[in-house]
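Written out below as structure tokens is the structure these notes cover.
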Amino acid sequence: MMKPFFIAATLIFATISAAEAQVLDKRQQLQNEAWWYNRDFDWYEKNIPFFECPDREITTTYYYRWDLLTKHLTYGSPNTGYIFTEFIDRPFWSGAYGAISCPAGHQLYEARWLRTPRVANDYSRYWLRTPGAQPRNYSNWLADSAWAVHQVHPDEEFLADLLDDLVKNFEGWEQRHFVPEVGLFWQTGHDDGMEFNINSRQTRDILRGAPSYRPSFNAYMWADAQAITRIAVLANRRDVAKRFTEKADALKAKMLEMMWDERRQFFFPVLKNDEERDGYKMKALTRTYESGQHAGDPHGRELIGYVPWQFNLLSGSTKYDVAWKKLMDRDGFYADFGPSTVERNDPMFLLKKSCCWWSGQSWPYATTQTLKALANSLQSGSKALTNADYTKLLGIYARSHRKNGKPYLAEALHPDTGSFEGHDGYNHSEHYLHSGYCDLVITGLAGLVPRDDDTLEVRPLAPTDWGYFALDTVPYRGHLISVVWDKRGDRYKLGKGLHLLVDGQRVGGADKLQPVVVKEAVPVKPEGRTSAADRTAPVATNFAVNNDGTYFPRITASYTAPNTSLSKLNDGNYWYLLHPPNRWTCQGSPNLEDWITVAFGTPRTIHTVKVYVLDDSDLPESPITAPQAIRLESWMDGNWKSVDYETTSDRIVGHRPYTLTFGPLKTQKLRAILVHSSSGRSGLTEIEAWGDVPLPLESRPHPPGNLAFNDGRREFPKATASYHDRFGGVPESAIDGKTNFLPTPTNRWTSYESPNHVDWLQIEFGKSVEFNRIELAIYDDRGGVQRPVKYDFEIRKDDNWLPITDAKRSPEEPAGSQWNSATFARIKTSSLRIRFTNRGRARSGVTEVMVWNDEQRE
């Protein structure tokens, strides 16, 4: 059944040769870190650049940030591919599949350094072509990020294909936010990613703030205009290039004219309209503290004043470099766990133990921007600060990624203590991905400067007193790059000094740690370019994922622990933590083995199954251990038949996927049987079924025969309820054919806040119908809505409601976040009522109800 062997490639990710030239021992680098959450060392070895330096905190955080990236890496759907979430829980304000546009630029700058560009390119395309993606809900720099990915993984055809979408996105911002008579874009602090800030707190709406011309948002738009110009040149769209060059030039001129304050030597937001609060009036077109309560105050500086440098908007000018002095000043932004988002002596400097205050707290989002900006400034020749300042700030940032001594990141932290208190909501803010870090190490500390040509440019910002550092196997223009500093020459066996390696061969270097530029060192390899044939070729596709709430693919299991969710198994997202949970387990199962079935709804050709295995054996409060064996079966000719598979390991280990590969197998259903260990019960965080198919992939339609289904175009069937919540949990959502056990998008009926002990959901069919089976997708958020104590059925006969007394339920007790079914002798009625006995103070809910006449289906 199970045969150990070596897999040279992992699905969409890079193929790696055993003979690949490398400076660092990758496995040893990974084993040097004892804290790993995702212990899939094979994935890291195949997909990330490796790094080490004398500062252990900087190195540890580097690897933690790659681990963090995997927690948010989400396979949205076969046609969308990969995206990233920002929050662990996909909050209600997120877009399709949980993505939020605010940190998209940071996320893309990180993901571009993965070995292949699929993740980054999928994510760029997601924002422009996926319904519900919400690309303009928050400020961002999408076009610039797409170009940044292209610099690392050149793909002219991909960018040319995106060009019209990027132009449309830019024009969407213009229509809503550009003021032609001023020549700038306005934005609120809230939608610029900065909720409560020193400017919003001077307005009546302290959360959202008044519209302003902000240096951050206008810099993003300038960067996007620049990127669109470059892409248009590649696509031979000269008219577009000319138009966006003019837009960028005009925008830059207006920013420098209106946002730079000679007196305070800094860039500031400019108010769009007259505003008033508490009797203090602020005038339109004035900068921070030029009017209002604090008029004339010499402060008002925020980290967003450095954002123009983030995109090299000020390249070639040293006039504005004086602004950098405040960054290392304790009376300015400098702090032991900073920088703070506002300078220390500002009259509105305020630290709060609640979200989301940008009036002094240290925010990783802003720290990333500031360090990126500082690196650009230093590498362009600025003398305002030093390379040592960059390393010091990067070290502070690295050490801020800690909680109870372990790598961790929440939304914001106290700049003086490093505490996340007040910014660390349970099942929300843990391991928060709203920032960048690895890119700062690669392009800043080690100094690899991405370019648009085949010149290799390295401008390290690492301190000259370091004895060594190595950045190894960095994917760049189809090559693998290494940047190695060895002061004594005995650590890496390459000799003393700085060494630049391309595909394992030294192409340049220096005796000292200094900038090095090597022309024609990285021509794009032909195999690194994507051809038209590649775009129509079959694509590695996970057929098991279901984030769209469609009937298929459908997962069922022999047993599901009450406090876990079967829907987590195919949500495209995995992590191995006990808290917050993203898991299905068999805890409490009476069985020695349990099964999971994936029904595709149509024959799919599969060659790989990946089972992401939980193991809490180091946690005394949890009995979940890795299974001792896994059997795989395929539904063929009306029977389950064993599938012989091969795997990389002869034992199943938790905190990593167990990969099963086999010859192409066409099947409608797969079943994985988990044989529990003697010391506990099994659990998974995800299951995937991979095959190769041309995209787009057609989704399977809702199966015929569901008597409760109404797509909204008919009067009947009709759903009503004794009570429904005020947050969109309406009865109609329970019969619309969509199933979603997650909080967002809202697609459910609940009786949250109902005064009743028992609530009911009623379905009127509009005519007399026969049925013998009911399926309930019970919603359970483990808070105000939980699985009911019990559910019962009634049918209307004449003017009376009569109970269905012979219903056989599976499972016997109501189970949340999964399908529950009840079968009974065939009945005939025009109305069905489902009665839910609420659990304690919680109330009940379903995301879908299906009613079947199995005889008619046959």
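Naming works like this for the structure tokens: A, B, ... for the chains as they're shown, residue 1 at the start of each chain, ligands 1 onward in shown order.
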
Contact residues around Leu184 of chain A with only C-alpha atoms at 9 Å, ignoring same-chain residues under 3 positions, as number ranges by chain: A: 177-181, 213-214, 218, 250-251, 254-255

Include N, CA and C atoms and write out the residues we just selected as an mmCIF file, in the first residue's frame.
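Output file selection-v1.cif is given in full below:
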data_model
loop_
_atom_site.group_PDB
_atom_site.id
_atom_site.type_symbol
_atom_site.label_atom_id
_atom_site.label_comp_id
_atom_site.auth_asym_id
_atom_site.auth_seq_id
_atom_site.Cartn_x
_atom_site.Cartn_y
_atom_site.Cartn_z
ATOM 1 N N HIS A 177 -11.649 59.229 -6.112
ATOM 2 C CA HIS A 177 -10.754 59.861 -5.138
ATOM 3 C C HIS A 177 -9.865 60.981 -5.696
ATOM 4 N N PHE A 178 -9.877 61.208 -6.986
ATOM 5 C CA PHE A 178 -8.985 62.229 -7.534
ATOM 6 C C PHE A 178 -9.729 63.554 -7.669
ATOM 7 N N VAL A 179 -9.060 64.631 -7.262
ATOM 8 C CA VAL A 179 -9.631 65.978 -7.370
ATOM 9 C C VAL A 179 -8.811 66.743 -8.406
ATOM 10 N N PRO A 180 -9.316 66.882 -9.622
ATOM 11 C CA PRO A 180 -8.515 67.479 -10.705
ATOM 12 C C PRO A 180 -8.018 68.880 -10.405
ATOM 13 N N GLU A 181 -8.858 69.706 -9.755
ATOM 14 C CA GLU A 181 -8.437 71.093 -9.507
ATOM 15 C C GLU A 181 -7.311 71.188 -8.480
ATOM 16 N N TYR A 213 -5.494 64.690 1.545
ATOM 17 C CA TYR A 213 -4.501 64.326 0.524
ATOM 18 C C TYR A 213 -3.288 63.796 1.280
ATOM 19 N N ARG A 214 -3.157 62.493 1.327
ATOM 20 C CA ARG A 214 -2.175 61.861 2.207
ATOM 21 C C ARG A 214 -0.921 61.471 1.422
ATOM 22 N N ASN A 218 -1.047 58.925 -2.063
ATOM 23 C CA ASN A 218 -0.592 59.538 -3.311
ATOM 24 C C ASN A 218 0.718 58.928 -3.796
ATOM 25 N N ALA A 250 2.815 64.692 -12.949
ATOM 26 C CA ALA A 250 1.972 65.734 -12.368
ATOM 27 C C ALA A 250 1.691 65.449 -10.895
ATOM 28 N N LEU A 251 1.472 64.197 -10.578
ATOM 29 C CA LEU A 251 1.174 63.820 -9.199
ATOM 30 C C LEU A 251 2.374 64.075 -8.290
ATOM 31 N N LYS A 254 2.794 67.832 -7.568
ATOM 32 C CA LYS A 254 1.816 68.340 -6.610
ATOM 33 C C LYS A 254 2.116 67.855 -5.190
ATOM 34 N N MET A 255 2.574 66.641 -5.059
ATOM 35 C CA MET A 255 2.935 66.128 -3.736
ATOM 36 C C MET A 255 4.044 66.965 -3.116
#

Shell of 12 Å around segment 800-810 of chain A, only C-alpha atoms, local chain residues under 4 positions omitted, as a PyMOL selection string: chain A and resi 556-560+762+771-776+790-796+814-815+818-835

Using only N, CA, C and O atoms, please write the residues we just selected to a file, as a compact mmCIF listing (two decimals), in the first residue's frame.
# COMPACT_ATOMS: atom_id res chain seq x y z
N THR A 556 -17.45 14.56 3.73
CA THR A 556 -18.16 13.94 4.84
C THR A 556 -17.16 13.10 5.63
O THR A 556 -16.06 12.80 5.16
N ALA A 557 -17.54 12.76 6.85
CA ALA A 557 -16.64 12.00 7.72
C ALA A 557 -17.46 11.05 8.59
O ALA A 557 -18.64 11.27 8.85
N SER A 558 -16.81 10.00 9.04
CA SER A 558 -17.46 9.03 9.92
C SER A 558 -17.70 9.62 11.30
O SER A 558 -18.64 9.20 12.00
N TYR A 559 -16.89 10.59 11.70
CA TYR A 559 -17.04 11.19 13.03
C TYR A 559 -16.36 12.56 13.01
O TYR A 559 -15.31 12.73 12.39
N THR A 560 -16.99 13.52 13.68
CA THR A 560 -16.40 14.85 13.82
C THR A 560 -16.54 15.30 15.27
O THR A 560 -17.65 15.29 15.82
N GLN A 762 -39.00 27.76 8.88
CA GLN A 762 -40.11 27.15 8.15
C GLN A 762 -39.89 27.29 6.65
O GLN A 762 -39.47 28.33 6.16
N PHE A 771 -41.24 13.80 0.45
CA PHE A 771 -39.81 13.69 0.73
C PHE A 771 -39.59 12.72 1.88
O PHE A 771 -40.51 12.42 2.66
N ASN A 772 -38.35 12.23 1.99
CA ASN A 772 -38.01 11.28 3.05
C ASN A 772 -36.66 11.57 3.71
O ASN A 772 -36.20 10.79 4.53
N ARG A 773 -36.03 12.69 3.30
CA ARG A 773 -34.71 13.01 3.89
C ARG A 773 -34.51 14.51 3.94
O ARG A 773 -34.88 15.22 2.99
N ILE A 774 -33.94 14.96 5.05
CA ILE A 774 -33.62 16.39 5.24
C ILE A 774 -32.16 16.49 5.64
O ILE A 774 -31.68 15.73 6.49
N GLU A 775 -31.46 17.43 5.02
CA GLU A 775 -30.07 17.71 5.40
C GLU A 775 -29.98 19.13 5.95
O GLU A 775 -30.52 20.08 5.35
N LEU A 776 -29.29 19.28 7.06
CA LEU A 776 -29.09 20.58 7.71
C LEU A 776 -27.60 20.86 7.81
O LEU A 776 -26.85 20.06 8.38
N LYS A 790 -31.02 20.03 20.38
CA LYS A 790 -31.66 19.07 19.49
C LYS A 790 -32.44 19.82 18.42
O LYS A 790 -32.67 21.03 18.54
N TYR A 791 -32.79 19.11 17.37
CA TYR A 791 -33.68 19.67 16.35
C TYR A 791 -34.77 18.65 16.04
O TYR A 791 -34.55 17.44 16.08
N ASP A 792 -35.95 19.16 15.77
CA ASP A 792 -37.11 18.31 15.47
C ASP A 792 -37.81 18.85 14.22
O ASP A 792 -37.61 20.02 13.83
N PHE A 793 -38.63 17.99 13.62
CA PHE A 793 -39.34 18.37 12.40
C PHE A 793 -40.85 18.29 12.61
O PHE A 793 -41.35 17.38 13.29
N GLU A 794 -41.52 19.23 11.97
CA GLU A 794 -42.97 19.21 11.96
C GLU A 794 -43.44 19.46 10.53
O GLU A 794 -42.78 20.17 9.76
N ILE A 795 -44.60 18.88 10.19
CA ILE A 795 -45.20 19.14 8.88
C ILE A 795 -46.62 19.67 9.11
O ILE A 795 -47.26 19.34 10.11
N ARG A 796 -47.05 20.48 8.18
CA ARG A 796 -48.41 21.03 8.29
C ARG A 796 -49.41 20.06 7.65
O ARG A 796 -49.23 19.62 6.52
N PRO A 814 -26.75 16.69 17.36
CA PRO A 814 -26.47 17.76 16.40
C PRO A 814 -24.99 18.12 16.39
O PRO A 814 -24.36 18.23 17.45
N ALA A 815 -24.44 18.29 15.21
CA ALA A 815 -23.02 18.64 15.05
C ALA A 815 -22.91 19.95 14.30
O ALA A 815 -23.56 20.14 13.26
N GLN A 818 -20.99 21.32 10.05
CA GLN A 818 -21.00 20.19 9.14
C GLN A 818 -22.45 19.84 8.81
O GLN A 818 -23.39 20.35 9.40
N TRP A 819 -22.60 18.92 7.88
CA TRP A 819 -23.93 18.47 7.47
C TRP A 819 -24.48 17.46 8.46
O TRP A 819 -23.77 16.56 8.91
N ASN A 820 -25.75 17.63 8.80
CA ASN A 820 -26.51 16.68 9.61
C ASN A 820 -27.67 16.19 8.74
O ASN A 820 -28.28 16.99 8.01
N SER A 821 -27.97 14.92 8.80
CA SER A 821 -29.07 14.43 7.98
C SER A 821 -30.04 13.63 8.82
O SER A 821 -29.68 13.04 9.86
N ALA A 822 -31.30 13.61 8.36
CA ALA A 822 -32.35 12.83 9.01
C ALA A 822 -33.17 12.14 7.93
O ALA A 822 -33.55 12.76 6.93
N THR A 823 -33.42 10.85 8.11
CA THR A 823 -34.24 10.09 7.17
C THR A 823 -35.45 9.54 7.90
O THR A 823 -35.42 9.29 9.11
N PHE A 824 -36.54 9.32 7.16
CA PHE A 824 -37.80 8.88 7.75
C PHE A 824 -38.67 8.33 6.63
O PHE A 824 -38.33 8.44 5.43
N ALA A 825 -39.79 7.76 7.01
CA ALA A 825 -40.72 7.26 6.01
C ALA A 825 -41.25 8.42 5.18
O ALA A 825 -41.44 9.53 5.69
N ARG A 826 -41.46 8.18 3.90
CA ARG A 826 -41.86 9.25 3.00
C ARG A 826 -43.14 9.92 3.48
O ARG A 826 -44.09 9.25 3.89
N ILE A 827 -43.15 11.26 3.45
CA ILE A 827 -44.30 12.02 3.89
C ILE A 827 -44.69 13.00 2.79
O ILE A 827 -43.91 13.28 1.88
N LYS A 828 -45.88 13.55 2.94
CA LYS A 828 -46.39 14.49 1.96
C LYS A 828 -46.93 15.71 2.68
O LYS A 828 -47.72 15.59 3.62
N THR A 829 -46.51 16.90 2.27
CA THR A 829 -46.93 18.14 2.93
C THR A 829 -46.61 19.33 2.04
O THR A 829 -45.83 19.22 1.09
N SER A 830 -47.17 20.48 2.39
CA SER A 830 -46.85 21.72 1.67
C SER A 830 -45.93 22.61 2.48
O SER A 830 -45.43 23.61 1.96
N SER A 831 -45.72 22.28 3.77
CA SER A 831 -44.88 23.12 4.64
C SER A 831 -44.10 22.26 5.62
O SER A 831 -44.64 21.29 6.17
N LEU A 832 -42.84 22.62 5.82
CA LEU A 832 -41.97 21.95 6.77
C LEU A 832 -41.47 22.97 7.79
O LEU A 832 -41.10 24.08 7.43
N ARG A 833 -41.48 22.58 9.05
CA ARG A 833 -40.94 23.45 10.10
C ARG A 833 -39.86 22.67 10.87
O ARG A 833 -40.08 21.53 11.27
N ILE A 834 -38.72 23.30 11.04
CA ILE A 834 -37.60 22.71 11.79
C ILE A 834 -37.48 23.49 13.09
O ILE A 834 -37.29 24.71 13.08
N ARG A 835 -37.60 22.78 14.22
CA ARG A 835 -37.57 23.40 15.54
C ARG A 835 -36.21 23.14 16.18
O ARG A 835 -35.77 21.99 16.27

Shell of 10 Å around segment 594-603 of chain A, only C-alpha atoms, local chain residues under 6 positions omitted, as a ChimeraX atom specification: /A:543-545,551-560,566,569-570,585-586,630-635,665-676,681-682,687-689,699-703

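Using only C-alpha atoms, the protein and nucleic acid residues lying no more than 10 Å from Glu686 of chain A, apart from those fewer than 4 places from it along its own chain, are Ala544, Val545, Leu566, Ser567, Lys568, Leu569, Asn570, Asp571, Gly572, Asn573, Tyr574, Trp575, Tyr576, Asn582, Arg583, Trp584, Lys610, Val611, Tyr612, Val613, Leu614 and Pro657 of chain A.
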
Segment 328-388 of chain A: residues DSSP assigns to helix (DSSP H, G or I), reported as a ChimeraX atom specification: /A:328,364-379,387-388

Print the selection's residues with C-alpha atoms to a file, as a short mmCIF file (atom, residue, chain, number, x, y, z; two decimals), in the first residue's frame.
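selection16.cif written:
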data_model
loop_
_atom_site.label_atom_id
_atom_site.label_comp_id
_atom_site.auth_asym_id
_atom_site.auth_seq_id
_atom_site.Cartn_x
_atom_site.Cartn_y
_atom_site.Cartn_z
CA MET A 328 16.61 57.70 15.18
CA PRO A 364 4.50 46.36 11.72
CA TYR A 365 2.72 47.62 8.60
CA ALA A 366 4.28 51.09 9.00
CA THR A 367 7.61 49.70 10.21
CA THR A 368 7.89 47.69 6.98
CA GLN A 369 7.21 50.79 4.90
CA THR A 370 9.71 52.85 6.86
CA LEU A 371 12.52 50.30 6.64
CA LYS A 372 11.89 49.80 2.93
CA ALA A 373 12.03 53.57 2.49
CA LEU A 374 15.22 53.86 4.54
CA ALA A 375 16.90 51.09 2.53
CA ASN A 376 16.05 52.88 -0.72
CA SER A 377 17.35 56.15 0.67
CA LEU A 378 20.66 54.67 1.85
CA GLN A 379 21.19 52.64 -1.31
CA ASN A 387 23.77 51.45 7.29
CA ALA A 388 24.22 50.73 11.00
#

Polymer residues at most 12 Å from Pro696 of chain A, only C-alpha atoms, same-chain spacing of 5 or more positions, as a ChimeraX atom specification: /A:77-81,535-541

Between atom CA of Ser565 of chain A and atom CA of Tyr723 of chain A - distance in Å to one decimal: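 Those two atoms sit 25.4 Å apart.
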
Residues within 7 Å of Glu457 of chain A, only C-alpha atoms, excluding chain neighbours under 5 positions, as a list in words: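 Final neighbour list, sorted by chain and number: Leu448, Val449, Val516, Val517 and Val518 of chain A.
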
Exercise: segment 439-443 of chain A partners within 9 Å, only C-alpha atoms, chain neighbours under 5 positions left out, as a list in words: Pro49, Phe51, Ile58, Tyr62, His106, Tyr109, Glu110, Ala111, Arg112, Trp113, Thr368, Leu371, Lys372, Ala375, Leu394, Leu448, Val449, Pro450, Val458, Arg459, Pro460, Leu471 and Val474 of chain A

Using N, CA, C and O atoms, can you export the residues from the last selection as a PDB file, in the first residue's frame?
ATOM      1  N   PRO A  49      14.319  31.353  -0.096  1.00  0.00           N
ATOM      2  CA  PRO A  49      15.748  31.633   0.033  1.00  0.00           C
ATOM      3  C   PRO A  49      16.183  31.399   1.482  1.00  0.00           C
ATOM      4  O   PRO A  49      15.389  31.603   2.408  1.00  0.00           O
ATOM      5  N   PHE A  51      18.954  32.055   4.771  1.00  0.00           N
ATOM      6  CA  PHE A  51      19.691  33.203   5.284  1.00  0.00           C
ATOM      7  C   PHE A  51      20.228  32.896   6.670  1.00  0.00           C
ATOM      8  O   PHE A  51      19.590  32.209   7.476  1.00  0.00           O
ATOM      9  N   ILE A  58      17.466  38.338  14.240  1.00  0.00           N
ATOM     10  CA  ILE A  58      17.147  38.660  12.849  1.00  0.00           C
ATOM     11  C   ILE A  58      16.962  37.386  12.046  1.00  0.00           C
ATOM     12  O   ILE A  58      16.031  37.268  11.238  1.00  0.00           O
ATOM     13  N   TYR A  62      13.477  35.856  10.407  1.00  0.00           N
ATOM     14  CA  TYR A  62      13.437  35.598   8.970  1.00  0.00           C
ATOM     15  C   TYR A  62      12.701  34.290   8.685  1.00  0.00           C
ATOM     16  O   TYR A  62      11.795  34.228   7.842  1.00  0.00           O
ATOM     17  N   HIS A 106       2.566  44.535   0.604  1.00  0.00           N
ATOM     18  CA  HIS A 106       3.565  43.881   1.454  1.00  0.00           C
ATOM     19  C   HIS A 106       3.602  42.385   1.167  1.00  0.00           C
ATOM     20  O   HIS A 106       4.681  41.772   1.081  1.00  0.00           O
ATOM     21  N   TYR A 109       5.311  41.624  -2.176  1.00  0.00           N
ATOM     22  CA  TYR A 109       6.756  41.837  -2.105  1.00  0.00           C
ATOM     23  C   TYR A 109       7.449  40.668  -1.400  1.00  0.00           C
ATOM     24  O   TYR A 109       8.595  40.338  -1.708  1.00  0.00           O
ATOM     25  N   GLU A 110       6.765  40.033  -0.449  1.00  0.00           N
ATOM     26  CA  GLU A 110       7.325  38.847   0.208  1.00  0.00           C
ATOM     27  C   GLU A 110       7.248  37.637  -0.723  1.00  0.00           C
ATOM     28  O   GLU A 110       8.228  36.919  -0.920  1.00  0.00           O
ATOM     29  N   ALA A 111       6.047  37.399  -1.284  1.00  0.00           N
ATOM     30  CA  ALA A 111       5.812  36.184  -2.066  1.00  0.00           C
ATOM     31  C   ALA A 111       6.643  36.139  -3.342  1.00  0.00           C
ATOM     32  O   ALA A 111       6.850  35.055  -3.898  1.00  0.00           O
ATOM     33  N   ARG A 112       7.112  37.287  -3.832  1.00  0.00           N
ATOM     34  CA  ARG A 112       7.908  37.262  -5.071  1.00  0.00           C
ATOM     35  C   ARG A 112       9.204  36.490  -4.897  1.00  0.00           C
ATOM     36  O   ARG A 112       9.829  36.072  -5.889  1.00  0.00           O
ATOM     37  N   TRP A 113       9.635  36.283  -3.639  1.00  0.00           N
ATOM     38  CA  TRP A 113      10.890  35.582  -3.401  1.00  0.00           C
ATOM     39  C   TRP A 113      10.719  34.076  -3.253  1.00  0.00           C
ATOM     40  O   TRP A 113      11.698  33.367  -2.991  1.00  0.00           O
ATOM     41  N   THR A 368       7.444  48.248   8.263  1.00  0.00           N
ATOM     42  CA  THR A 368       7.890  47.695   6.982  1.00  0.00           C
ATOM     43  C   THR A 368       8.093  48.801   5.959  1.00  0.00           C
ATOM     44  O   THR A 368       9.124  48.854   5.262  1.00  0.00           O
ATOM     45  N   LEU A 371      11.242  50.953   6.899  1.00  0.00           N
ATOM     46  CA  LEU A 371      12.521  50.298   6.643  1.00  0.00           C
ATOM     47  C   LEU A 371      12.772  50.151   5.144  1.00  0.00           C
ATOM     48  O   LEU A 371      13.920  50.290   4.692  1.00  0.00           O
ATOM     49  N   LYS A 372      11.721  49.866   4.376  1.00  0.00           N
ATOM     50  CA  LYS A 372      11.888  49.805   2.927  1.00  0.00           C
ATOM     51  C   LYS A 372      12.318  51.165   2.395  1.00  0.00           C
ATOM     52  O   LYS A 372      13.213  51.269   1.538  1.00  0.00           O
ATOM     53  N   ALA A 375      15.971  51.850   3.379  1.00  0.00           N
ATOM     54  CA  ALA A 375      16.898  51.091   2.534  1.00  0.00           C
ATOM     55  C   ALA A 375      17.061  51.768   1.179  1.00  0.00           C
ATOM     56  O   ALA A 375      18.189  51.935   0.680  1.00  0.00           O
ATOM     57  N   LEU A 394      16.203  47.192  11.974  1.00  0.00           N
ATOM     58  CA  LEU A 394      15.758  45.872  11.558  1.00  0.00           C
ATOM     59  C   LEU A 394      15.843  44.896  12.729  1.00  0.00           C
ATOM     60  O   LEU A 394      14.957  44.043  12.908  1.00  0.00           O
ATOM     61  N   LEU A 448      20.314  42.836  -2.252  1.00  0.00           N
ATOM     62  CA  LEU A 448      20.003  42.487  -3.634  1.00  0.00           C
ATOM     63  C   LEU A 448      18.975  43.483  -4.172  1.00  0.00           C
ATOM     64  O   LEU A 448      17.839  43.521  -3.715  1.00  0.00           O
ATOM     65  N   VAL A 449      19.373  44.296  -5.153  1.00  0.00           N
ATOM     66  CA  VAL A 449      18.526  45.352  -5.688  1.00  0.00           C
ATOM     67  C   VAL A 449      17.860  44.851  -6.972  1.00  0.00           C
ATOM     68  O   VAL A 449      18.527  44.683  -7.991  1.00  0.00           O
ATOM     69  N   PRO A 450      16.547  44.580  -6.945  1.00  0.00           N
ATOM     70  CA  PRO A 450      15.883  44.128  -8.176  1.00  0.00           C
ATOM     71  C   PRO A 450      15.951  45.194  -9.262  1.00  0.00           C
ATOM     72  O   PRO A 450      15.762  46.386  -9.003  1.00  0.00           O
ATOM     73  N   VAL A 458      24.162  44.627  -6.086  1.00  0.00           N
ATOM     74  CA  VAL A 458      24.058  44.307  -4.663  1.00  0.00           C
ATOM     75  C   VAL A 458      24.619  45.484  -3.868  1.00  0.00           C
ATOM     76  O   VAL A 458      25.759  45.902  -4.099  1.00  0.00           O
ATOM     77  N   ARG A 459      23.808  46.007  -2.951  1.00  0.00           N
ATOM     78  CA  ARG A 459      24.211  47.126  -2.088  1.00  0.00           C
ATOM     79  C   ARG A 459      23.890  46.767  -0.641  1.00  0.00           C
ATOM     80  O   ARG A 459      22.866  47.190  -0.085  1.00  0.00           O
ATOM     81  N   PRO A 460      24.740  45.979   0.003  1.00  0.00           N
ATOM     82  CA  PRO A 460      24.435  45.491   1.351  1.00  0.00           C
ATOM     83  C   PRO A 460      24.376  46.625   2.366  1.00  0.00           C
ATOM     84  O   PRO A 460      25.187  47.561   2.340  1.00  0.00           O
ATOM     85  N   LEU A 471      23.066  35.022   2.201  1.00  0.00           N
ATOM     86  CA  LEU A 471      21.734  34.919   1.619  1.00  0.00           C
ATOM     87  C   LEU A 471      21.871  33.942   0.455  1.00  0.00           C
ATOM     88  O   LEU A 471      22.637  34.205  -0.482  1.00  0.00           O
ATOM     89  N   VAL A 474      18.525  32.460  -3.859  1.00  0.00           N
ATOM     90  CA  VAL A 474      17.443  33.408  -4.087  1.00  0.00           C
ATOM     91  C   VAL A 474      17.028  33.323  -5.556  1.00  0.00           C
ATOM     92  O   VAL A 474      17.859  33.520  -6.445  1.00  0.00           O
TER      93      VAL A 474
END

Residues of segment 413-457 of chain A that approach segment 151-154 of chain A to 9 Å or less, counting only C-alpha atoms: could you list each one with the shortest pair of atoms and its distance in Å to one decimal, rows by chain and increasing residue number, as a Markdown table?
| residue | atom | partner | partner_atom | distance |
| --- | --- | --- | --- | --- |
| A:Pro450 | CA | A:Gln151 | CA | 6.0 |
| A:Arg451 | CA | A:Gln151 | CA | 6.1 |
| A:Asp452 | CA | A:Gln151 | CA | 5.9 |
| A:Asp453 | CA | A:Gln151 | CA | 8.5 |

Residue subset to file, keeping N, CA and C atoms, as an mmCIF file, in the first residue's frame:
data_model
loop_
_atom_site.group_PDB
_atom_site.id
_atom_site.type_symbol
_atom_site.label_atom_id
_atom_site.label_comp_id
_atom_site.auth_asym_id
_atom_site.auth_seq_id
_atom_site.Cartn_x
_atom_site.Cartn_y
_atom_site.Cartn_z
ATOM 1 N N PRO A 450 16.547 44.580 -6.945
ATOM 2 C CA PRO A 450 15.883 44.128 -8.176
ATOM 3 C C PRO A 450 15.951 45.194 -9.262
ATOM 4 N N ARG A 451 16.238 44.753 -10.483
ATOM 5 C CA ARG A 451 16.375 45.666 -11.607
ATOM 6 C C ARG A 451 15.557 45.158 -12.783
ATOM 7 N N ASP A 452 15.493 45.999 -13.823
ATOM 8 C CA ASP A 452 14.731 45.656 -15.015
ATOM 9 C C ASP A 452 15.613 45.122 -16.135
ATOM 10 N N ASP A 453 16.889 44.897 -15.837
ATOM 11 C CA ASP A 453 17.807 44.406 -16.871
ATOM 12 C C ASP A 453 18.611 43.239 -16.333
#

Given only C-alpha atoms as the counted atoms, nearest of A:Leu207, A:Ala708, A:Ile304, A:Leu742 to Val851 of chain A: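 Comparing A:Leu207, A:Ala708, A:Ile304, A:Leu742 against Val851 of chain A, the winner is A:Ala708.
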
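In this structure, atom CA of Lys641 of chain A sits 26.1 Å away from atom CA of Ser678 of chain A.
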
Distance of atom CA of Ile48 of chain A from atom CA of Arg115 of chain A, expressed in Å to one decimal place: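 Here the two named atoms are 6.2 Å from each other.
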